[in-house]
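Asker: Here's a structure for you.
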Amino acid sequence: GKKEYDLLVIGGGSGGLACAKEAAQFGRKVAVLDYVEPSPQGTKWGLGGTCVNVGCIPKKLMHQAALLGGALKDAQHYGWNIAQPVHHTWSVMAEAVQNYVKSLNWGHRVQLQDKKVKYFNMKGSFSDPYTICGLTKSGKETIVTAENIVIATGGRPKYPTHIAGALEYGITSDDLFWLKESPGKTLTPFVFNVSLECAGFLTGIGLNTTVMMRSIPLRGFDQQMASLVTEHMESYGTKFLKRCFPTKVEKLESNRLQVTWKNTELGTEETDSFDTVMWAVGRAPDTETLNLEAVGVKTNSETGKIIVDAGEATSVPHIYAVGDITEGRPELTPTAIAAGKLLAQRLFGQSSELMDYENVPTTVFTPLEYGCVGLSEEAAGQCYGSDNIEVYHAYYKPLEFTVAERDATQCYMKMVCLREREQRILGLHFIGPNAGEVIQGFALGIKCGATYPQLMKTIGIHPTCAEEITKLHITKRSGLDATVTGC
């Protein structure tokens, strides 16, 4: 029989909301079903998904808070009379950030209402391929049917449950941004980008912060750049425990957390106490309650992510998936939004355009930001052979660092190119102030197939950091061993 909705989206994050609102533009009957399961520590939030509530938005705002602290220290060199040392109050920052996030939650609800998209604050699971059973917080059930269903539930931070005390006493990024009081002396084990970003702004606002890393930082990123990022963080004040991994967390009578870890380099066991332990061991797809097996939606047995084709379709023809929950896709808000919109256009707008996941720019918002687009040097070497790539690179000093006498040792950029013919740019990497703004502009050129000679003909805007990229005349041959699989 006829289904109640033309489209039902499960998950009210970036990709899901974009898909729902786009579908509504075509006059279709659309519903969104979203529910936030509280974190193990009880943290919960409103409509909008990870990015709005516990990801990009609060992270960037707290990163900005830390940058302002650095600017206050620089200001005296420029003639401003500011009493030193400056002091930061966590509760003031947290309240301002949390109030802004709540305004975004409300804004998303208003937008759905304006576009006549029905919003269900419910946890959903498949009853059959066209039917979703929604369950409210109070346990009330609602049955919803739809011709097309999009899964966009994203992921949640994982806990290292094999470590004693990790779940009982630790938090994740799901909790950090909603803390009312300062986390104090903080340990963040494992080095994914979120752990470095959080450690960076915690250090920047004056907190004692330690990062524990067992192997390499920023796995999947260019490793030369990743090393420069962590070197700068060390000089900036963040402590690093290298070649170490935690074995247990215990709560002391003082309510502090005693962490025990092994140092694999020295073969020793060490301990220290912290106010907060924030785990950053990766994210797991939020599929547990969806009942995917019952309707035949296939997932990757290792990652748990949903397998989709180029059109975001799952193994069940009318069921789709977008965003972080999909296998092999970048875990980035803009890609989820774009994929969601394009899916709605294909379903209801007579479009055939597919999402292009190549050359997607991104930035790690560490104290000295790292922006990149395209292939890392390791990946380029594996894809094309190290003898077939040329790397143009240079250190530089931002003008704003000069008067303030700031260290620019890690301000660095490099461009990875094919050596043959026109030297097409395969990847561009930049460490420095406003890296995201810099890379965003160059990403267009690289998306359009820009070459090294074309970039050298581009006139820079003087005096900017981005200008330095247009002057990359120092070259070196790549001799890196390729360790990254796939192109």
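The chains in the structure tokens are called A, B, ... from first to last as shown; in each chain the residues are counted from 1, and the ligands are counted from 1 in the order shown.
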Region 434-442 of chain A: which residues within 9 Å, counting only C-alpha atoms, same-chain residues fewer than 4 positions away excluded, as a ChimeraX atom specification?

Answerer: /A:361-365,368-373,428-430,446-447,465-466

Asker: Using only C-alpha atoms, which residues of region 303-341 of chain A come within 7 Å of region 128-150 of chain A, and what is the closest atom pair for each, with the distance in Å to one decimal? Give it as JSON lines, sorted by chain and residue number.

Answerer:
```
{"residue": "A:His318", "atom": "CA", "partner": "A:Asn148", "partner_atom": "CA", "distance": 5.1}
{"residue": "A:Ile319", "atom": "CA", "partner": "A:Ile149", "partner_atom": "CA", "distance": 4.9}
{"residue": "A:Tyr320", "atom": "CA", "partner": "A:Val150", "partner_atom": "CA", "distance": 4.6}
{"residue": "A:Ala321", "atom": "CA", "partner": "A:Val150", "partner_atom": "CA", "distance": 5.3}
```

Asker: Would you save the residues from that selection as a PDB file, in the first residue's frame, using all heavy atoms?

Answerer:
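Done, and the output landed in result16.pdb:
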```pdb
ATOM      1  N   HIS A 318      15.889   0.694  -1.983  1.00  0.00           N
ATOM      2  CA  HIS A 318      15.271   1.965  -1.591  1.00  0.00           C
ATOM      3  C   HIS A 318      15.793   2.495  -0.256  1.00  0.00           C
ATOM      4  O   HIS A 318      15.295   3.496   0.260  1.00  0.00           O
ATOM      5  CB  HIS A 318      13.745   1.799  -1.497  1.00  0.00           C
ATOM      6  CG  HIS A 318      13.339   0.885  -0.389  1.00  0.00           C
ATOM      7  ND1 HIS A 318      13.415  -0.482  -0.504  1.00  0.00           N
ATOM      8  CD2 HIS A 318      12.907   1.140   0.879  1.00  0.00           C
ATOM      9  CE1 HIS A 318      13.026  -1.038   0.634  1.00  0.00           C
ATOM     10  NE2 HIS A 318      12.712  -0.076   1.484  1.00  0.00           N
ATOM     11  N   ILE A 319      16.816   1.832   0.310  1.00  0.00           N
ATOM     12  CA  ILE A 319      17.431   2.287   1.559  1.00  0.00           C
ATOM     13  C   ILE A 319      18.825   2.832   1.242  1.00  0.00           C
ATOM     14  O   ILE A 319      19.639   2.163   0.601  1.00  0.00           O
ATOM     15  CB  ILE A 319      17.526   1.150   2.596  1.00  0.00           C
ATOM     16  CG1 ILE A 319      16.127   0.622   2.932  1.00  0.00           C
ATOM     17  CG2 ILE A 319      18.214   1.633   3.864  1.00  0.00           C
ATOM     18  CD1 ILE A 319      16.118  -0.555   3.884  1.00  0.00           C
ATOM     19  N   TYR A 320      19.090   4.046   1.697  1.00  0.00           N
ATOM     20  CA  TYR A 320      20.338   4.729   1.400  1.00  0.00           C
ATOM     21  C   TYR A 320      21.056   5.088   2.710  1.00  0.00           C
ATOM     22  O   TYR A 320      20.480   5.011   3.791  1.00  0.00           O
ATOM     23  CB  TYR A 320      20.066   6.006   0.592  1.00  0.00           C
ATOM     24  CG  TYR A 320      19.310   5.752  -0.687  1.00  0.00           C
ATOM     25  CD1 TYR A 320      17.912   5.677  -0.686  1.00  0.00           C
ATOM     26  CD2 TYR A 320      19.974   5.575  -1.893  1.00  0.00           C
ATOM     27  CE1 TYR A 320      17.202   5.429  -1.861  1.00  0.00           C
ATOM     28  CE2 TYR A 320      19.280   5.329  -3.068  1.00  0.00           C
ATOM     29  CZ  TYR A 320      17.891   5.250  -3.050  1.00  0.00           C
ATOM     30  OH  TYR A 320      17.205   4.990  -4.202  1.00  0.00           O
ATOM     31  N   ALA A 321      22.307   5.488   2.592  1.00  0.00           N
ATOM     32  CA  ALA A 321      23.060   5.932   3.765  1.00  0.00           C
ATOM     33  C   ALA A 321      24.037   7.022   3.344  1.00  0.00           C
ATOM     34  O   ALA A 321      24.628   6.956   2.256  1.00  0.00           O
ATOM     35  CB  ALA A 321      23.813   4.769   4.400  1.00  0.00           C
TER      36      ALA A 321
END
```

Asker: Could you give me, as a ChimeraX atom specification, the residues within 9 Å of region 196-211 of chain A, counting only C-alpha atoms and dropping anything in the same chain fewer than 4 positions from it?

Answerer: /A:59,62-70,87-90,173,176,182-192,217-218,229-230,233,236-242,364-368

Asker: Can you work out the spacing between CA of Glu468 (chain A) and CA of Glu378 (chain A) in Å, to one decimal?

Answerer: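 Going from CA of Glu468 (chain A) over to CA of Glu378 (chain A), I get 23.2 Å.
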
Asker: When you look at Asp407 (chain A) with a cut-off of 12 Å (counting only C-alpha atoms), what residues show up, excluding the ones that are within fewer than 6 positions of it in the same chain? I need them as a ChimeraX atom specification.

Answerer: /A:74,231-233,235-236,368,396-401,432

Asker: Can you pull out the residues contacting region 7-24 of chain A? Cut-off 8 Å, using only C-alpha atoms, and skip same-chain residues under 4 positions away; I want them as a compact mmCIF listing (two decimals) with N, CA and C atoms, in the first residue's frame.

Answerer:
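Contents of out.txt, as written:
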```txt
# COMPACT_ATOMS: atom_id res chain seq x y z
N ARG A 28 8.00 17.08 -1.64
CA ARG A 28 7.79 15.72 -1.15
C ARG A 28 7.45 15.72 0.34
N LYS A 29 6.78 14.68 0.76
CA LYS A 29 6.42 14.53 2.16
C LYS A 29 7.60 13.85 2.87
N VAL A 30 8.21 14.57 3.81
CA VAL A 30 9.49 14.14 4.39
C VAL A 30 9.38 14.15 5.92
N ALA A 31 10.06 13.20 6.53
CA ALA A 31 10.16 13.14 7.99
C ALA A 31 11.59 12.87 8.42
N VAL A 32 11.96 13.40 9.57
CA VAL A 32 13.27 13.14 10.18
C VAL A 32 13.04 12.53 11.55
N LEU A 33 13.74 11.46 11.82
CA LEU A 33 13.67 10.79 13.11
C LEU A 33 15.04 10.86 13.76
N ASP A 34 15.12 11.51 14.94
CA ASP A 34 16.43 11.72 15.58
C ASP A 34 16.32 11.53 17.08
N TYR A 35 17.32 10.88 17.65
CA TYR A 35 17.34 10.69 19.10
C TYR A 35 18.80 10.61 19.55
N LEU A 47 18.98 18.62 18.54
CA LEU A 47 19.01 18.32 17.11
C LEU A 47 20.20 18.99 16.43
N GLY A 48 20.82 18.29 15.50
CA GLY A 48 21.92 18.88 14.75
C GLY A 48 23.11 17.97 14.54
N GLY A 49 23.20 16.88 15.32
CA GLY A 49 24.26 15.91 15.10
C GLY A 49 25.58 16.29 15.77
N THR A 50 26.59 15.50 15.45
CA THR A 50 27.91 15.65 16.08
C THR A 50 28.52 17.02 15.84
N CYS A 51 28.53 17.47 14.59
CA CYS A 51 29.21 18.72 14.23
C CYS A 51 28.70 19.89 15.07
N LEU A 112 13.13 22.90 9.91
CA LEU A 112 12.33 21.73 9.53
C LEU A 112 10.85 22.08 9.50
N LYS A 115 9.98 24.17 6.45
CA LYS A 115 9.99 23.40 5.20
C LYS A 115 8.98 22.25 5.23
N LYS A 116 8.17 22.23 6.29
CA LYS A 116 7.12 21.22 6.45
C LYS A 116 7.68 19.80 6.51
N VAL A 117 8.83 19.68 7.17
CA VAL A 117 9.43 18.36 7.43
C VAL A 117 9.02 17.94 8.83
N GLY A 124 14.96 5.03 16.26
CA GLY A 124 14.32 4.22 15.23
C GLY A 124 14.98 2.88 14.99
N THR A 145 6.07 4.69 7.98
CA THR A 145 6.40 4.00 6.73
C THR A 145 6.85 5.02 5.68
N ALA A 146 7.75 4.61 4.80
CA ALA A 146 8.26 5.52 3.78
C ALA A 146 8.69 4.75 2.54
N GLU A 147 8.57 5.40 1.39
CA GLU A 147 8.99 4.80 0.12
C GLU A 147 10.51 4.72 0.04
N ASN A 148 11.18 5.73 0.59
CA ASN A 148 12.64 5.78 0.60
C ASN A 148 13.10 6.11 2.02
N ILE A 149 14.15 5.43 2.44
CA ILE A 149 14.69 5.65 3.78
C ILE A 149 16.19 5.95 3.69
N VAL A 150 16.61 7.00 4.37
CA VAL A 150 18.04 7.37 4.40
C VAL A 150 18.55 7.20 5.83
N ILE A 151 19.62 6.45 5.99
CA ILE A 151 20.26 6.27 7.29
C ILE A 151 21.41 7.26 7.41
N ALA A 152 21.35 8.11 8.43
CA ALA A 152 22.39 9.13 8.61
C ALA A 152 22.65 9.33 10.10
N THR A 153 22.87 8.23 10.77
CA THR A 153 23.01 8.28 12.24
C THR A 153 24.42 8.57 12.71
N GLY A 154 25.39 8.64 11.80
CA GLY A 154 26.74 9.02 12.19
C GLY A 154 27.41 8.04 13.13
N VAL A 322 24.17 8.05 4.20
CA VAL A 322 25.12 9.14 3.92
C VAL A 322 25.87 9.49 5.21
N GLY A 323 27.04 10.11 5.01
CA GLY A 323 27.81 10.62 6.15
C GLY A 323 28.75 9.61 6.76
N THR A 333 31.82 16.87 7.91
CA THR A 333 30.49 17.48 7.79
C THR A 333 30.16 17.95 6.37
N PRO A 334 31.06 18.70 5.69
CA PRO A 334 30.69 19.20 4.36
C PRO A 334 30.42 18.08 3.35
N THR A 335 31.15 16.96 3.44
CA THR A 335 30.89 15.87 2.49
C THR A 335 29.54 15.23 2.78
N ALA A 336 29.17 15.11 4.05
CA ALA A 336 27.87 14.55 4.39
C ALA A 336 26.75 15.44 3.88
N ILE A 337 26.90 16.76 4.04
CA ILE A 337 25.89 17.71 3.57
C ILE A 337 25.73 17.63 2.06
N ALA A 338 26.87 17.65 1.35
CA ALA A 338 26.82 17.60 -0.11
C ALA A 338 26.22 16.29 -0.60
N ALA A 339 26.63 15.18 0.02
CA ALA A 339 26.11 13.86 -0.38
C ALA A 339 24.61 13.77 -0.13
N GLY A 340 24.16 14.32 1.01
CA GLY A 340 22.74 14.30 1.33
C GLY A 340 21.91 15.09 0.33
N LYS A 341 22.38 16.28 -0.02
CA LYS A 341 21.66 17.11 -0.99
C LYS A 341 21.59 16.44 -2.35
N LEU A 342 22.74 15.91 -2.81
CA LEU A 342 22.77 15.27 -4.13
C LEU A 342 21.87 14.04 -4.17
N LEU A 343 21.81 13.29 -3.08
CA LEU A 343 20.94 12.12 -3.02
C LEU A 343 19.48 12.54 -3.19
N ALA A 344 19.06 13.58 -2.47
CA ALA A 344 17.68 14.06 -2.60
C ALA A 344 17.39 14.53 -4.02
N GLN A 345 18.36 15.18 -4.64
CA GLN A 345 18.17 15.65 -6.02
C GLN A 345 18.03 14.49 -7.00
N PHE A 348 14.41 12.88 -6.24
CA PHE A 348 13.19 13.63 -6.50
C PHE A 348 13.34 14.77 -7.51
```

Asker: Report, in Å with one decimal, the straight-line distance from CA of Leu179 (chain A) to CA of Gly46 (chain A).

Answerer: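 We find that CA of Leu179 (chain A) and CA of Gly46 (chain A) lie 15.6 Å from each other.
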
Asker: Out of A:Val101, A:Ala284, A:Ala94, A:Ile171, which residue has the shortest atom-to-atom distance to Arg156 (chain A) when counting only C-alpha atoms?

Answerer: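 Looking only at the distances to Arg156 (chain A), the closest residue turns out to be A:Ala284.
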
Asker: In terms of the shortest atom-to-atom distance over only C-alpha atoms, which of A:Val297, A:Ala71, A:Gln410, A:Thr276 is closest to Glu234 (chain A)?

Answerer: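 Closest to Glu234 (chain A), using only C-alpha atoms: A:Gln410.
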
Asker: Any idea what the distance is between CA of Ala96 (chain A) and CA of Lys158 (chain A)?

Answerer: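 Atom-to-atom, CA of Ala96 (chain A) to CA of Lys158 (chain A), that is 27.6 Å.
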
Asker: I'd like the neighbourhood of region 413-423 of chain A as a ChimeraX atom specification, where a residue qualifies if any of its atoms comes within 6 Å (using only C-alpha atoms), though same-chain residues fewer than 4 positions away should be ignored.

Answerer: /A:388-394,427-430,451-452

Asker: Could you write those residues out with all heavy atoms, as a CSV table (one decimal), in the first residue's frame?

Answerer:
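The file below, selection-v1.csv, is the result:
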```
chain,number,residue,atom,x,y,z
A,388,ASN,N,58.2,9.1,-9.4
A,388,ASN,CA,57.4,9.8,-10.4
A,388,ASN,C,56.7,11.0,-9.7
A,388,ASN,O,55.8,11.6,-10.3
A,388,ASN,CB,56.3,8.9,-10.9
A,388,ASN,CG,56.9,7.8,-11.7
A,388,ASN,OD1,57.8,8.0,-12.5
A,388,ASN,ND2,56.4,6.5,-11.6
A,389,ILE,N,57.1,11.4,-8.5
A,389,ILE,CA,56.5,12.6,-7.9
A,389,ILE,C,57.6,13.5,-7.5
A,389,ILE,O,58.8,13.2,-7.3
A,389,ILE,CB,55.7,12.2,-6.6
A,389,ILE,CG1,56.6,11.6,-5.5
A,389,ILE,CG2,54.5,11.3,-7.0
A,389,ILE,CD1,55.8,11.5,-4.2
A,390,GLU,N,57.3,14.8,-7.6
A,390,GLU,CA,58.2,15.9,-7.2
A,390,GLU,C,57.5,16.7,-6.0
A,390,GLU,O,56.3,16.9,-6.1
A,390,GLU,CB,58.4,16.8,-8.4
A,390,GLU,CG,59.5,17.8,-8.2
A,390,GLU,CD,60.9,17.2,-8.5
A,390,GLU,OE1,61.0,16.4,-9.4
A,390,GLU,OE2,61.9,17.6,-7.8
A,391,VAL,N,58.3,17.0,-5.0
A,391,VAL,CA,57.8,17.7,-3.9
A,391,VAL,C,58.4,19.1,-3.8
A,391,VAL,O,59.6,19.2,-3.7
A,391,VAL,CB,58.0,16.9,-2.6
A,391,VAL,CG1,57.4,17.7,-1.4
A,391,VAL,CG2,57.3,15.6,-2.6
A,392,TYR,N,57.6,20.1,-3.9
A,392,TYR,CA,58.0,21.5,-3.7
A,392,TYR,C,57.7,21.9,-2.2
A,392,TYR,O,56.6,21.7,-1.8
A,392,TYR,CB,57.3,22.4,-4.7
A,392,TYR,CG,57.6,22.1,-6.1
A,392,TYR,CD1,57.0,21.1,-6.8
A,392,TYR,CD2,58.6,22.8,-6.8
A,392,TYR,CE1,57.2,20.8,-8.1
A,392,TYR,CE2,58.9,22.5,-8.1
A,392,TYR,CZ,58.2,21.5,-8.8
A,392,TYR,OH,58.5,21.2,-10.1
A,393,HIS,N,58.7,22.5,-1.5
A,393,HIS,CA,58.4,22.7,-0.1
A,393,HIS,C,59.2,23.9,0.4
A,393,HIS,O,60.2,24.3,-0.2
A,393,HIS,CB,58.8,21.5,0.7
A,393,HIS,CG,60.3,21.2,0.7
A,393,HIS,ND1,61.0,21.2,1.9
A,393,HIS,CD2,61.2,21.0,-0.3
A,393,HIS,CE1,62.3,20.9,1.6
A,393,HIS,NE2,62.4,20.8,0.3
A,394,ALA,N,58.8,24.5,1.5
A,394,ALA,CA,59.5,25.6,2.1
A,394,ALA,C,59.0,25.9,3.5
A,394,ALA,O,57.8,25.7,3.8
A,394,ALA,CB,59.3,26.9,1.2
A,427,GLY,N,48.7,16.9,-4.2
A,427,GLY,CA,48.3,17.3,-2.8
A,427,GLY,C,49.0,18.6,-2.4
A,427,GLY,O,50.1,18.9,-2.8
A,428,LEU,N,48.3,19.3,-1.6
A,428,LEU,CA,48.9,20.6,-1.0
A,428,LEU,C,48.7,20.6,0.5
A,428,LEU,O,47.6,20.3,1.0
A,428,LEU,CB,48.1,21.8,-1.6
A,428,LEU,CG,48.6,23.2,-1.2
A,428,LEU,CD1,50.1,23.4,-1.6
A,428,LEU,CD2,47.7,24.3,-1.7
A,429,HIS,N,49.8,20.9,1.2
A,429,HIS,CA,49.8,20.8,2.7
A,429,HIS,C,50.3,22.1,3.2
A,429,HIS,O,51.4,22.6,2.8
A,429,HIS,CB,50.6,19.6,3.1
A,429,HIS,CG,50.1,18.3,2.5
A,429,HIS,ND1,49.3,17.4,3.2
A,429,HIS,CD2,50.4,17.7,1.3
A,429,HIS,CE1,49.0,16.4,2.4
A,429,HIS,NE2,49.7,16.5,1.3
A,430,PHE,N,49.7,22.6,4.3
A,430,PHE,CA,50.0,23.9,4.8
A,430,PHE,C,49.9,23.9,6.3
A,430,PHE,O,48.8,23.6,6.8
A,430,PHE,CB,49.1,25.0,4.2
A,430,PHE,CG,49.3,26.4,4.6
A,430,PHE,CD1,50.2,27.2,4.0
A,430,PHE,CD2,48.7,26.9,5.8
A,430,PHE,CE1,50.4,28.5,4.4
A,430,PHE,CE2,48.8,28.2,6.2
A,430,PHE,CZ,49.7,29.0,5.5
A,451,THR,N,48.0,22.7,-12.1
A,451,THR,CA,49.4,22.2,-12.3
A,451,THR,C,50.4,23.2,-11.6
A,451,THR,O,50.0,24.3,-11.2
A,451,THR,CB,49.8,22.2,-13.7
A,451,THR,OG1,49.8,23.5,-14.3
A,451,THR,CG2,48.8,21.3,-14.5
A,452,TYR,N,51.6,22.7,-11.3
A,452,TYR,CA,52.6,23.5,-10.7
A,452,TYR,C,52.9,24.8,-11.5
A,452,TYR,O,52.9,25.9,-10.9
A,452,TYR,CB,53.9,22.7,-10.5
A,452,TYR,CG,55.0,23.5,-9.9
A,452,TYR,CD1,55.0,24.0,-8.6
A,452,TYR,CD2,56.1,23.9,-10.8
A,452,TYR,CE1,56.1,24.8,-8.1
A,452,TYR,CE2,57.2,24.7,-10.3
A,452,TYR,CZ,57.1,25.1,-9.0
A,452,TYR,OH,58.2,25.9,-8.5
```

Asker: Please extract the residues of region 312-472 of chain A with a backbone DSSP assignment of strand (DSSP E or B) and present them as number ranges by chain.

Answerer: A: 313, 319-321, 326, 362-364, 370-374, 389-395, 412-418, 424-431, 451

Asker: Just the selected residues (C-alpha atoms), exported as a CSV table (one decimal), in the first residue's frame, please.

Answerer:
```csv
chain,number,residue,atom,x,y,z
A,313,ALA,CA,22.5,3.1,-2.1
A,319,ILE,CA,17.4,2.3,1.6
A,320,TYR,CA,20.3,4.7,1.4
A,321,ALA,CA,23.1,5.9,3.8
A,326,THR,CA,29.1,4.9,5.4
A,362,THR,CA,40.2,19.5,5.5
A,363,THR,CA,42.0,21.2,8.4
A,364,VAL,CA,43.2,20.0,11.8
A,370,TYR,CA,47.3,22.1,9.5
A,371,GLY,CA,45.2,22.3,6.3
A,372,CYS,CA,45.5,19.9,3.3
A,373,VAL,CA,43.8,18.8,0.1
A,374,GLY,CA,44.6,15.8,-2.0
A,389,ILE,CA,56.5,12.6,-7.9
A,390,GLU,CA,58.2,15.9,-7.2
A,391,VAL,CA,57.8,17.7,-3.9
A,392,TYR,CA,58.0,21.5,-3.7
A,393,HIS,CA,58.4,22.7,-0.1
A,394,ALA,CA,59.5,25.6,2.1
A,395,TYR,CA,59.5,27.0,5.6
A,412,TYR,CA,55.8,24.9,6.6
A,413,MET,CA,54.2,24.1,3.3
A,414,LYS,CA,54.6,21.5,0.6
A,415,MET,CA,53.1,20.6,-2.7
A,416,VAL,CA,53.2,17.1,-4.1
A,417,CYS,CA,53.2,16.9,-7.9
A,418,LEU,CA,53.5,14.4,-10.7
A,424,ARG,CA,49.7,18.1,-12.0
A,425,ILE,CA,49.3,18.9,-8.3
A,426,LEU,CA,48.4,15.8,-6.3
A,427,GLY,CA,48.3,17.3,-2.8
A,428,LEU,CA,48.9,20.6,-1.0
A,429,HIS,CA,49.8,20.8,2.7
A,430,PHE,CA,50.0,23.9,4.8
A,431,ILE,CA,50.9,24.5,8.5
A,451,THR,CA,49.4,22.2,-12.3
```

Asker: Please report, as number ranges by chain, each residue of region 211-297 of chain A to which DSSP assigns alpha helix (DSSP H) when run on this structure's backbone.

Answerer: A: 223-236, 292-295

Asker: Considering only C-alpha atoms, state which residue in the set A:Leu354, A:Trp178, A:Cys56, A:Lys248 is at the smallest distance from Ser91 (chain A).

Answerer: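 Closest residue, counting only C-alpha atoms: A:Trp178.
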
Asker: With only C-alpha atoms as the basis for distance, which of A:Met212, A:Val110, A:Met225, A:Val249 is at the shortest distance from Ile163 (chain A)?

Answerer: A:Val249
